[in-house]
>>> print(open('query_11.cif').read())   # mmCIF, C-alpha atoms and all ligand atoms
data_structure
loop_
_atom_site.group_PDB
_atom_site.id
_atom_site.type_symbol
_atom_site.label_atom_id
_atom_site.label_comp_id
_atom_site.auth_asym_id
_atom_site.auth_seq_id
_atom_site.Cartn_x
_atom_site.Cartn_y
_atom_site.Cartn_z
ATOM 1 C CA MET A 171 12.955 24.053 -2.238
ATOM 2 C CA THR A 172 13.915 22.238 0.951
ATOM 3 C CA ARG A 173 16.293 19.286 0.945
ATOM 4 C CA LEU A 174 13.420 17.098 2.155
ATOM 5 C CA THR A 175 11.279 18.093 -0.841
ATOM 6 C CA GLU A 176 14.161 17.492 -3.247
ATOM 7 C CA ARG A 177 14.695 14.088 -1.715
ATOM 8 C CA PHE A 178 11.013 13.212 -2.042
ATOM 9 C CA LEU A 179 10.907 14.302 -5.701
ATOM 10 C CA ARG A 180 13.992 12.190 -6.423
ATOM 11 C CA TYR A 181 12.445 9.088 -4.854
ATOM 12 C CA VAL A 182 8.998 9.330 -6.468
ATOM 13 C CA LYS A 183 10.568 9.259 -9.934
ATOM 14 C CA ILE A 184 11.882 5.745 -9.313
ATOM 15 C CA ASP A 185 9.291 3.121 -10.244
ATOM 16 C CA THR A 186 8.943 0.752 -7.260
ATOM 17 C CA GLN A 187 5.545 -0.857 -7.732
ATOM 18 C CA SER A 188 5.150 -4.208 -6.027
ATOM 19 C CA ASP A 189 3.261 -7.055 -7.707
ATOM 20 C CA PRO A 190 0.728 -9.225 -5.870
ATOM 21 C CA TYR A 191 0.755 -11.829 -8.649
ATOM 22 C CA VAL A 192 4.284 -13.091 -8.008
ATOM 23 C CA SER A 193 5.522 -14.878 -4.928
ATOM 24 C CA THR A 194 9.210 -13.869 -4.938
ATOM 25 C CA THR A 195 10.665 -11.519 -2.307
ATOM 26 C CA PRO A 196 10.836 -8.754 -3.192
ATOM 27 C CA SER A 197 7.955 -9.194 -5.614
ATOM 28 C CA THR A 198 9.666 -6.863 -8.105
ATOM 29 C CA GLU A 199 13.422 -6.347 -8.476
ATOM 30 C CA LYS A 200 12.898 -2.692 -9.374
ATOM 31 C CA GLN A 201 12.087 -1.920 -5.733
ATOM 32 C CA LYS A 202 15.792 -2.416 -5.080
ATOM 33 C CA ASP A 203 16.582 0.500 -7.437
ATOM 34 C CA LEU A 204 15.365 2.844 -4.732
ATOM 35 C CA SER A 205 16.806 0.742 -1.895
ATOM 36 C CA ARG A 206 20.276 0.810 -3.483
ATOM 37 C CA LEU A 207 20.007 4.574 -3.882
ATOM 38 C CA LEU A 208 19.111 4.883 -0.183
ATOM 39 C CA VAL A 209 22.124 2.806 0.873
ATOM 40 C CA ASN A 210 24.303 4.971 -1.364
ATOM 41 C CA GLU A 211 22.946 8.193 0.053
ATOM 42 C CA LEU A 212 23.414 6.892 3.598
ATOM 43 C CA PHE A 213 27.024 5.978 2.744
ATOM 44 C CA ILE A 214 27.649 9.482 1.456
ATOM 45 C CA MET A 215 26.197 10.917 4.674
ATOM 46 C CA GLY A 216 28.701 8.805 6.603
ATOM 47 C CA TYR A 217 26.605 5.774 7.573
ATOM 48 C CA THR A 218 28.849 3.082 6.149
ATOM 49 C CA ASP A 219 26.962 0.331 8.028
ATOM 50 C CA ALA A 220 23.742 0.748 6.040
ATOM 51 C CA PHE A 221 22.926 -2.388 4.083
ATOM 52 C CA LEU A 222 20.406 -3.893 1.699
ATOM 53 C CA ASP A 223 19.717 -7.606 2.183
ATOM 54 C CA ASP A 224 18.841 -10.107 -0.560
ATOM 55 C CA LEU A 225 15.132 -9.865 0.248
ATOM 56 C CA GLY A 226 15.057 -6.134 -0.440
ATOM 57 C CA TYR A 227 15.095 -4.824 3.143
ATOM 58 C CA THR A 228 17.377 -1.877 3.902
ATOM 59 C CA TYR A 229 18.634 -1.420 7.462
ATOM 60 C CA LEU A 230 20.611 1.123 9.402
ATOM 61 C CA LYS A 231 21.524 1.456 13.043
ATOM 62 C CA ILE A 232 22.313 5.015 14.063
ATOM 63 C CA PRO A 233 24.417 4.429 17.178
ATOM 64 C CA LYS A 234 23.596 6.293 20.353
ATOM 65 C CA ASN A 235 25.594 9.380 21.288
ATOM 66 C CA ALA A 236 24.272 9.549 24.855
ATOM 67 C CA GLU A 237 23.201 7.190 27.635
ATOM 68 C CA GLY A 238 19.778 6.783 29.189
ATOM 69 C CA PHE A 239 17.588 6.643 26.072
ATOM 70 C CA THR A 240 15.375 3.724 25.036
ATOM 71 C CA PRO A 241 16.298 2.330 21.616
ATOM 72 C CA ILE A 242 13.610 3.256 19.093
ATOM 73 C CA GLY A 243 12.996 2.486 15.449
ATOM 74 C CA PHE A 244 11.343 3.855 12.330
ATOM 75 C CA VAL A 245 9.973 1.833 9.440
ATOM 76 C CA SER A 246 8.714 2.818 5.994
ATOM 77 C CA HIS A 247 8.196 0.993 2.713
ATOM 78 C CA VAL A 248 9.818 1.616 -0.656
ATOM 79 C CA ASP A 249 7.096 0.004 -2.785
ATOM 80 C CA THR A 250 4.052 1.757 -4.203
ATOM 81 C CA SER A 251 0.591 0.408 -4.949
ATOM 82 C CA PHE A 252 -0.157 -1.655 -8.033
ATOM 83 C CA ASP A 253 -3.626 -0.073 -8.366
ATOM 84 C CA SER A 254 -2.568 2.655 -10.810
ATOM 85 C CA PRO A 255 0.368 3.169 -13.174
ATOM 86 C CA GLY A 256 3.615 3.796 -11.234
ATOM 87 C CA ALA A 257 5.654 5.528 -13.940
ATOM 88 C CA PRO A 258 6.567 7.966 -15.298
ATOM 89 C CA VAL A 259 5.776 10.109 -12.254
ATOM 90 C CA ASN A 260 5.751 13.821 -13.095
ATOM 91 C CA PRO A 261 5.304 15.683 -9.813
ATOM 92 C CA ARG A 262 4.231 19.305 -9.681
ATOM 93 C CA ILE A 263 4.393 21.654 -6.695
ATOM 94 C CA ILE A 264 1.441 23.950 -6.048
ATOM 95 C CA GLN A 265 2.680 26.834 -3.923
ATOM 96 C CA ASN A 266 0.421 28.226 -1.225
ATOM 97 C CA TYR A 267 -2.668 26.177 -2.127
ATOM 98 C CA GLN A 268 -5.862 28.200 -1.698
ATOM 99 C CA GLY A 269 -8.513 25.480 -1.599
ATOM 100 C CA ASP A 270 -9.556 25.667 -5.233
ATOM 101 C CA THR A 271 -10.029 22.851 -7.757
ATOM 102 C CA ILE A 272 -6.735 21.312 -8.835
ATOM 103 C CA GLU A 273 -6.562 20.496 -12.549
ATOM 104 C CA LEU A 274 -4.139 17.579 -12.765
ATOM 105 C CA ASN A 275 -4.587 17.460 -16.530
ATOM 106 C CA THR A 276 -7.289 18.332 -19.038
ATOM 107 C CA GLN A 277 -9.418 15.374 -17.936
ATOM 108 C CA ILE A 278 -8.753 14.910 -14.236
ATOM 109 C CA SER A 279 -9.332 17.442 -11.504
ATOM 110 C CA MET A 280 -9.592 17.317 -7.717
ATOM 111 C CA HIS A 281 -12.159 19.368 -5.827
ATOM 112 C CA PRO A 282 -11.904 19.755 -2.028
ATOM 113 C CA ASN A 283 -15.521 18.573 -1.641
ATOM 114 C CA GLN A 284 -14.569 15.297 -3.248
ATOM 115 C CA PHE A 285 -11.173 15.100 -1.526
ATOM 116 C CA PRO A 286 -11.790 16.690 1.904
ATOM 117 C CA SER A 287 -8.181 16.140 2.984
ATOM 118 C CA LEU A 288 -7.313 19.053 0.673
ATOM 119 C CA LYS A 289 -9.057 21.360 3.150
ATOM 120 C CA HIS A 290 -6.366 20.521 5.725
ATOM 121 C CA VAL A 291 -3.556 21.830 3.527
ATOM 122 C CA ILE A 292 -4.881 25.265 2.590
ATOM 123 C CA GLY A 293 -1.981 27.713 2.737
ATOM 124 C CA GLU A 294 0.581 24.930 2.314
ATOM 125 C CA ASP A 295 2.691 23.963 -0.678
ATOM 126 C CA ILE A 296 1.395 20.642 -1.982
ATOM 127 C CA ILE A 297 2.789 18.141 -4.450
ATOM 128 C CA VAL A 298 0.538 16.471 -7.032
ATOM 129 C CA THR A 299 0.988 14.307 -10.123
ATOM 130 C CA ASP A 300 -0.018 14.960 -13.714
ATOM 131 C CA GLY A 301 -2.954 12.582 -13.123
ATOM 132 C CA HIS A 302 -1.535 9.763 -15.231
ATOM 133 C CA THR A 303 0.251 7.912 -12.437
ATOM 134 C CA LEU A 304 0.367 7.544 -8.694
ATOM 135 C CA LEU A 305 2.448 10.124 -6.880
ATOM 136 C CA GLY A 306 3.879 7.440 -4.638
ATOM 137 C CA ALA A 307 3.696 9.645 -1.534
ATOM 138 C CA ASP A 308 2.672 6.371 0.108
ATOM 139 C CA ASP A 309 5.288 5.761 1.201
ATOM 140 C CA LYS A 310 8.060 7.817 -0.383
ATOM 141 C CA CYS A 311 7.042 10.485 2.155
ATOM 142 C CA GLY A 312 8.011 8.171 4.991
ATOM 143 C CA VAL A 313 11.195 7.150 3.194
ATOM 144 C CA ALA A 314 12.190 10.789 2.626
ATOM 145 C CA GLU A 315 11.404 11.721 6.257
ATOM 146 C CA MET A 316 13.580 8.919 7.626
ATOM 147 C CA MET A 317 16.458 9.760 5.277
ATOM 148 C CA GLU A 318 16.227 13.406 6.331
ATOM 149 C CA LEU A 319 16.241 12.304 9.995
ATOM 150 C CA ALA A 320 19.427 10.305 9.396
ATOM 151 C CA GLU A 321 21.129 13.235 7.704
ATOM 152 C CA ARG A 322 20.097 15.770 10.336
ATOM 153 C CA LEU A 323 21.315 13.563 13.171
ATOM 154 C CA ILE A 324 24.740 13.109 11.610
ATOM 155 C CA GLU A 325 24.979 16.835 10.829
ATOM 156 C CA ASN A 326 23.939 17.844 14.333
ATOM 157 C CA PRO A 327 25.768 15.691 16.888
ATOM 158 C CA GLU A 328 24.561 18.028 19.622
ATOM 159 C CA ILE A 329 21.149 16.322 19.277
ATOM 160 C CA LYS A 330 21.444 13.576 21.897
ATOM 161 C CA HIS A 331 19.751 10.264 21.208
ATOM 162 C CA GLY A 332 19.852 6.560 21.983
ATOM 163 C CA ASP A 333 20.245 3.811 19.408
ATOM 164 C CA ILE A 334 17.924 4.434 16.470
ATOM 165 C CA TYR A 335 17.075 1.702 13.966
ATOM 166 C CA LEU A 336 15.784 2.381 10.481
ATOM 167 C CA CYS A 337 14.232 -0.141 8.133
ATOM 168 C CA PHE A 338 12.915 0.387 4.607
ATOM 169 C CA THR A 339 10.846 -2.649 3.611
ATOM 170 C CA PRO A 340 9.645 -3.870 0.213
ATOM 171 C CA ASP A 341 6.148 -5.225 -0.597
ATOM 172 C CA GLU A 342 4.070 -3.469 2.058
ATOM 173 C CA GLU A 343 1.332 -2.692 -0.461
ATOM 174 C CA ILE A 344 0.792 -6.385 -1.132
ATOM 175 C CA GLY A 345 0.626 -7.288 2.556
ATOM 176 C CA ARG A 346 4.093 -8.814 2.852
ATOM 177 C CA GLY A 347 6.122 -5.915 4.220
ATOM 178 C CA ALA A 348 6.749 -7.519 7.598
ATOM 179 C CA ASP A 349 7.237 -11.100 6.367
ATOM 180 C CA HIS A 350 11.052 -11.077 6.398
ATOM 181 C CA PHE A 351 11.704 -8.326 8.914
ATOM 182 C CA ASN A 352 15.015 -8.907 10.682
ATOM 183 C CA TYR A 353 14.221 -8.662 14.396
ATOM 184 C CA ASP A 354 17.731 -9.863 15.277
ATOM 185 C CA PHE A 355 19.156 -6.686 13.799
ATOM 186 C CA PHE A 356 16.353 -4.269 14.630
ATOM 187 C CA LYS A 357 16.611 -4.122 18.405
ATOM 188 C CA ALA A 358 14.289 -1.188 19.051
ATOM 189 C CA SER A 359 12.007 -1.323 22.095
ATOM 190 C CA TYR A 360 9.447 0.788 20.241
ATOM 191 C CA ALA A 361 9.094 1.535 16.564
ATOM 192 C CA TYR A 362 6.972 3.821 14.447
ATOM 193 C CA THR A 363 5.807 3.203 10.903
ATOM 194 C CA MET A 364 6.203 6.425 8.969
ATOM 195 C CA ASP A 365 3.220 5.878 6.717
ATOM 196 C CA GLY A 366 0.042 7.907 6.444
ATOM 197 C CA SER A 367 -1.512 10.248 9.027
ATOM 198 C CA ARG A 368 -1.259 13.999 9.262
ATOM 199 C CA VAL A 369 1.466 16.112 10.804
ATOM 200 C CA GLY A 370 1.378 15.756 14.583
ATOM 201 C CA GLU A 371 -0.804 12.636 14.571
ATOM 202 C CA ILE A 372 0.182 9.215 15.936
ATOM 203 C CA GLU A 373 -1.998 6.199 15.231
ATOM 204 C CA TYR A 374 -1.558 3.622 17.975
ATOM 205 C CA GLU A 375 -4.002 0.930 16.926
ATOM 206 C CA ASN A 376 -4.609 -1.096 13.832
ATOM 207 C CA PHE A 377 -7.251 -3.160 12.077
ATOM 208 C CA ASN A 378 -7.142 -6.885 11.364
ATOM 209 C CA ALA A 379 -6.395 -7.425 7.708
ATOM 210 C CA ALA A 380 -6.788 -10.199 5.170
ATOM 211 C CA HIS A 381 -6.923 -10.654 1.430
ATOM 212 C CA ALA A 382 -9.431 -12.879 -0.349
ATOM 213 C CA TRP A 383 -8.309 -14.170 -3.745
ATOM 214 C CA VAL A 384 -11.346 -15.739 -5.365
ATOM 215 C CA THR A 385 -10.931 -17.713 -8.578
ATOM 216 C CA PHE A 386 -13.805 -18.664 -10.877
ATOM 217 C CA THR A 387 -13.642 -21.530 -13.327
ATOM 218 C CA GLY A 388 -16.133 -21.470 -16.191
ATOM 219 C CA LYS A 389 -16.865 -23.764 -19.104
ATOM 220 C CA SER A 390 -16.100 -22.058 -22.381
ATOM 221 C CA ILE A 391 -18.307 -23.377 -25.166
ATOM 222 C CA HIS A 392 -18.890 -21.736 -28.549
ATOM 223 C CA PRO A 393 -21.839 -19.379 -27.927
ATOM 224 C CA GLY A 394 -23.684 -20.810 -30.910
ATOM 225 C CA ALA A 395 -23.790 -24.230 -29.277
ATOM 226 C CA SER A 396 -23.708 -23.387 -25.614
ATOM 227 C CA LYS A 397 -27.313 -23.865 -24.480
ATOM 228 C CA ASN A 398 -27.298 -25.542 -21.052
ATOM 229 C CA LYS A 399 -23.555 -26.109 -21.333
ATOM 230 C CA MET A 400 -21.675 -22.846 -21.041
ATOM 231 C CA VAL A 401 -20.704 -21.512 -17.632
ATOM 232 C CA ASN A 402 -19.329 -17.993 -17.897
ATOM 233 C CA ALA A 403 -16.718 -17.384 -15.188
ATOM 234 C CA SER A 404 -17.470 -13.646 -15.336
ATOM 235 C CA HIS A 405 -21.095 -14.334 -14.385
ATOM 236 C CA ILE A 406 -19.945 -16.315 -11.359
ATOM 237 C CA ALA A 407 -17.674 -13.447 -10.356
ATOM 238 C CA PHE A 408 -20.666 -11.048 -10.491
ATOM 239 C CA GLU A 409 -22.772 -13.560 -8.589
ATOM 240 C CA PHE A 410 -20.127 -13.882 -5.903
ATOM 241 C CA HIS A 411 -19.922 -10.128 -5.494
ATOM 242 C CA GLN A 412 -23.713 -9.749 -5.323
ATOM 243 C CA LEU A 413 -23.858 -12.234 -2.452
ATOM 244 C CA LEU A 414 -21.474 -10.209 -0.260
ATOM 245 C CA PRO A 415 -23.141 -7.900 2.289
ATOM 246 C CA LYS A 416 -23.702 -4.568 0.544
ATOM 247 C CA ALA A 417 -23.404 -2.568 3.774
ATOM 248 C CA LEU A 418 -19.767 -3.628 4.115
ATOM 249 C CA ASP A 419 -18.628 -1.850 0.976
ATOM 250 C CA PRO A 420 -16.073 0.830 1.962
ATOM 251 C CA SER A 421 -18.093 3.462 0.101
ATOM 252 C CA LEU A 422 -20.703 2.964 2.847
ATOM 253 C CA THR A 423 -18.465 2.609 5.927
ATOM 254 C CA GLU A 424 -16.354 4.928 8.051
ATOM 255 C CA GLY A 425 -14.239 5.068 11.212
ATOM 256 C CA TYR A 426 -13.997 1.708 12.953
ATOM 257 C CA GLU A 427 -16.534 0.013 10.679
ATOM 258 C CA GLY A 428 -15.096 -2.966 8.850
ATOM 259 C CA PHE A 429 -15.349 -3.475 5.120
ATOM 260 C CA ASN A 430 -14.813 -5.877 2.218
ATOM 261 C CA HIS A 431 -13.246 -4.025 -0.670
ATOM 262 C CA LEU A 432 -13.057 -5.377 -4.218
ATOM 263 C CA THR A 433 -9.658 -4.132 -5.415
ATOM 264 C CA ASP A 434 -9.244 -6.082 -8.617
ATOM 265 C CA ILE A 435 -11.307 -8.199 -10.985
ATOM 266 C CA LYS A 436 -10.219 -9.943 -14.163
ATOM 267 C CA SER A 437 -12.197 -12.492 -16.081
ATOM 268 C CA THR A 438 -12.683 -14.325 -19.339
ATOM 269 C CA VAL A 439 -15.445 -16.858 -20.015
ATOM 270 C CA ASP A 440 -13.059 -19.572 -18.972
ATOM 271 C CA HIS A 441 -11.360 -18.156 -15.904
ATOM 272 C CA GLY A 442 -11.809 -15.246 -13.530
ATOM 273 C CA GLN A 443 -10.226 -13.827 -10.421
ATOM 274 C CA SER A 444 -11.356 -11.214 -7.911
ATOM 275 C CA ILE A 445 -9.223 -9.785 -5.152
ATOM 276 C CA TYR A 446 -10.773 -8.349 -2.013
ATOM 277 C CA ILE A 447 -9.234 -6.785 1.038
ATOM 278 C CA ILE A 448 -11.012 -7.525 4.308
ATOM 279 C CA ARG A 449 -10.675 -5.135 7.249
ATOM 280 C CA ASN A 450 -12.084 -4.922 10.746
ATOM 281 C CA HIS A 451 -10.811 -3.563 14.059
ATOM 282 C CA GLU A 452 -12.910 -6.137 15.921
ATOM 283 C CA MET A 453 -11.441 -9.645 15.681
ATOM 284 C CA SER A 454 -14.763 -11.505 16.001
ATOM 285 C CA LEU A 455 -16.387 -9.405 13.255
ATOM 286 C CA PHE A 456 -13.280 -9.857 11.122
ATOM 287 C CA GLU A 457 -13.581 -13.644 11.469
ATOM 288 C CA LYS A 458 -17.251 -13.392 10.538
ATOM 289 C CA GLN A 459 -16.397 -11.448 7.386
ATOM 290 C CA LYS A 460 -13.868 -14.120 6.379
ATOM 291 C CA ASP A 461 -16.477 -16.836 7.092
ATOM 292 C CA THR A 462 -18.908 -15.076 4.753
ATOM 293 C CA PHE A 463 -16.406 -15.442 1.911
ATOM 294 C CA GLU A 464 -16.085 -19.158 2.688
ATOM 295 C CA MET A 465 -19.847 -19.554 2.899
ATOM 296 C CA ILE A 466 -20.457 -17.905 -0.471
ATOM 297 C CA LYS A 467 -17.658 -19.948 -2.011
ATOM 298 C CA ASN A 468 -19.199 -23.193 -0.706
ATOM 299 C CA PHE A 469 -22.685 -22.168 -1.750
ATOM 300 C CA LEU A 470 -21.614 -21.360 -5.298
ATOM 301 C CA ASN A 471 -19.470 -24.481 -5.571
ATOM 302 C CA GLU A 472 -22.433 -26.609 -4.573
ATOM 303 C CA ASN A 473 -24.886 -24.838 -6.863
ATOM 304 C CA MET A 474 -22.795 -23.957 -9.831
ATOM 305 C CA ASP A 475 -23.600 -26.661 -12.329
ATOM 306 C CA THR A 476 -25.175 -24.986 -15.344
ATOM 307 C CA LYS A 477 -28.806 -25.754 -14.550
ATOM 308 C CA GLN A 478 -28.796 -24.474 -10.989
ATOM 309 C CA PHE A 479 -26.660 -21.493 -11.882
ATOM 310 C CA HIS A 480 -29.379 -20.247 -14.237
ATOM 311 C CA SER A 481 -31.941 -20.565 -11.488
ATOM 312 C CA LEU A 482 -29.914 -18.464 -9.041
HETATM 313 ZN ZN ZN A 501 1.931 2.799 2.923
#
>>> encode(input="query_11.cif", output="structure tokens", more="lines below")
Ligand SMILES: [Zn+2]
Amino acid sequence: MTRLTERFLRYVKIDTQSDPYVSTTPSTEKQKDLSRLLVNELFIMGYTDAFLDDLGYTYLKIPKNAEGFTPIGFVSHVDTSFDSPGAPVNPRIIQNYQGDTIELNTQISMHPNQFPSLKHVIGEDIIVTDGHTLLGADDKCGVAEMMELAERLIENPEIKHGDIYLCFTPDEEIGRGADHFNYDFFKASYAYTMDGSRVGEIEYENFNAAHAWVTFTGKSIHPGASKNKMVNASHIAFEFHQLLPKALDPSLTEGYEGFNHLTDIKSTVDHGQSIYIIRNHEMSLFEKQKDTFEMIKNFLNENMDTKQFHSL
């Protein structure tokens, strides 16, 4: 097993899920468990300047060993998505994958027709989970790559380079990864986020992104005495979703097409909340998508007394 693989397997076992429901930075203290380990490993390599700030950002400047190079930077994030359980991660290596169905466990399997990206890794060794958690490759891959870069550069001083800045951020998955980025320290002219893509690919453009947090307030009345009185917040949440343009669901879009994606929904009779992510490469269309959310909100607010709701 390569050192890079070992590193990756070490990092994925540390639970670093971020949490969109809290407003602290970092959103979860456990993200710093990995960040502290990174600082430690960098120290052991010989980078005694590596540091973790109070907000959970880890930085390192690898000083230049030659003149004439533009300072560049690399960025990755330590947190993993809150969409699925983040621990305990039990990774498994499949050697020389042949394109067949991968049985993660007795209930969950992955077929290349359903996950076409598997077709790109035939003949490679691939790492999967036991199906009960995320793997956390997003973005422990990027973290491991940058740590390996740091180690290789210090081991091989004959590789000439300019100043190189590294930053490992928290809370990228909840849209706050760049909020407290220290530009005073990170003096790169160009930087690359080591997150996603395939080997050899550079993405040089990005979509516009927003979250919509929609809350629904119902009126909880005993169902035996609720005629013309009860307003079920869950029904309003369904209603809201039905009013969004169906063609903008990500299951129906591709490439540069924008989408509204319902990532989370929770509701009781009394109170509900839906979370959507809104994406579009085209700013004017992106604004239109956001306006649609506002329009539906206003429409439902104006029409949501019990009587009119039932006529919707
Ligand atoms: Zn990521």
>>> residues_near_ligand(input="query_11.cif", ligand="ligand ZN 501 (chain A)", cutoff="8 Å", atoms="only C-alpha atoms and all ligand atoms", output="list in words")
Ser246, His247, Thr250, Asp308, Asp309, Glu342, Glu343, Asp365 and Gly366 of chain A
>>> resolve_selection(input="query_11.cif", expression="the PyMOL selection byres (((chain A and resi 387) around 8) and not hetatm)", output="list in words")
Thr385, Phe386, Gly388, Lys389, Ala403, Asp440, His441 and Gly442 of chain A
>>> resolve_selection(input="query_11.cif", expression="the PyMOL selection byres (((chain A and resi 210-227) around 7) and not hetatm)", output="number ranges by chain")
A: 195-196, 202, 205-209, 228-230, 321, 337-340
>>> atom_distance(input="query_11.cif", atom1="CA of Ser287 (chain A)", atom2="CA of Thr186 (chain A)")
25.2 Å
>>> resolve_selection(input="query_11.cif", expression="the PyMOL selection byres (((chain A and resi 467) around 12) and not hetatm)", output="mmCIF file with C-alpha atoms, keeping the file's coordinate frame")
data_model
loop_
_atom_site.group_PDB
_atom_site.id
_atom_site.type_symbol
_atom_site.label_atom_id
_atom_site.label_comp_id
_atom_site.auth_asym_id
_atom_site.auth_seq_id
_atom_site.Cartn_x
_atom_site.Cartn_y
_atom_site.Cartn_z
ATOM 1 C CA ALA A 382 -9.431 -12.879 -0.349
ATOM 2 C CA TRP A 383 -8.309 -14.170 -3.745
ATOM 3 C CA VAL A 384 -11.346 -15.739 -5.365
ATOM 4 C CA THR A 385 -10.931 -17.713 -8.578
ATOM 5 C CA PHE A 386 -13.805 -18.664 -10.877
ATOM 6 C CA ILE A 406 -19.945 -16.315 -11.359
ATOM 7 C CA ALA A 407 -17.674 -13.447 -10.356
ATOM 8 C CA GLU A 409 -22.772 -13.560 -8.589
ATOM 9 C CA PHE A 410 -20.127 -13.882 -5.903
ATOM 10 C CA HIS A 411 -19.922 -10.128 -5.494
ATOM 11 C CA LEU A 413 -23.858 -12.234 -2.452
ATOM 12 C CA LEU A 414 -21.474 -10.209 -0.260
ATOM 13 C CA LYS A 460 -13.868 -14.120 6.379
ATOM 14 C CA ASP A 461 -16.477 -16.836 7.092
ATOM 15 C CA THR A 462 -18.908 -15.076 4.753
ATOM 16 C CA PHE A 463 -16.406 -15.442 1.911
ATOM 17 C CA GLU A 464 -16.085 -19.158 2.688
ATOM 18 C CA MET A 465 -19.847 -19.554 2.899
ATOM 19 C CA ILE A 466 -20.457 -17.905 -0.471
ATOM 20 C CA ASN A 468 -19.199 -23.193 -0.706
ATOM 21 C CA PHE A 469 -22.685 -22.168 -1.750
ATOM 22 C CA LEU A 470 -21.614 -21.360 -5.298
ATOM 23 C CA ASN A 471 -19.470 -24.481 -5.571
ATOM 24 C CA GLU A 472 -22.433 -26.609 -4.573
ATOM 25 C CA ASN A 473 -24.886 -24.838 -6.863
ATOM 26 C CA MET A 474 -22.795 -23.957 -9.831
#
>>> closest_atom_pairs(input="query_11.cif", of="region 357-459 of chain A", to="region 252-258 of chain A", cutoff="12 Å", atoms="all atoms listed in the file", output="CSV")
residue,atom,partner,partner_atom,distance
A:Leu432,CA,A:Asp253,CA,11.6
A:Thr433,CA,A:Asp253,CA,7.8
A:Asp434,CA,A:Asp253,CA,8.2
A:Ile435,CA,A:Asp253,CA,11.5
A:Ile445,CA,A:Asp253,CA,11.7
>>> atom_distance(input="query_11.cif", atom1="CA of Glu424 (chain A)", atom2="CA of Gly345 (chain A)")
21.6 Å
>>> closest_atom_pairs(input="query_11.cif", of="region 238-297 of chain A", to="region 352-364 of chain A", cutoff="8 Å", atoms="only C-alpha atoms", output="CSV")
residue,atom,partner,partner_atom,distance
A:Thr240,CA,A:Ser359,CA,6.7
A:Pro241,CA,A:Ala358,CA,4.8
A:Ile242,CA,A:Ala358,CA,4.5
A:Gly243,CA,A:Ala361,CA,4.2
A:Phe244,CA,A:Tyr362,CA,4.9
A:Val245,CA,A:Thr363,CA,4.6
A:Ser246,CA,A:Met364,CA,5.3
>>> write_last_selection(input="query_11.cif", atoms="C-alpha atoms", output="tab-separated table (two decimals), keeping the file's coordinate frame")
chain	number	residue	atom	x	y	z
A	240	THR	CA	15.38	3.72	25.04
A	241	PRO	CA	16.30	2.33	21.62
A	242	ILE	CA	13.61	3.26	19.09
A	243	GLY	CA	13.00	2.49	15.45
A	244	PHE	CA	11.34	3.86	12.33
A	245	VAL	CA	9.97	1.83	9.44
A	246	SER	CA	8.71	2.82	5.99
>>> decode(input="query_11.cif", residues="region 200-212 of chain A", atoms="C-alpha atoms", output="tab-separated table (two decimals), in the first residue's frame")
chain	number	residue	atom	x	y	z
A	200	LYS	CA	-14.59	17.35	15.89
A	201	GLN	CA	-13.35	18.75	12.57
A	202	LYS	CA	-10.33	19.98	14.52
A	203	ASP	CA	-9.46	16.36	15.42
A	204	LEU	CA	-8.26	15.90	11.87
A	205	SER	CA	-6.81	19.41	11.62
A	206	ARG	CA	-4.70	18.86	14.75
A	207	LEU	CA	-3.46	15.57	13.32
A	208	LEU	CA	-2.47	17.36	10.10
A	209	VAL	CA	-0.51	20.01	12.01
A	210	ASN	CA	1.20	17.24	13.97
A	211	GLU	CA	2.11	15.31	10.86
A	212	LEU	CA	3.44	18.47	9.21
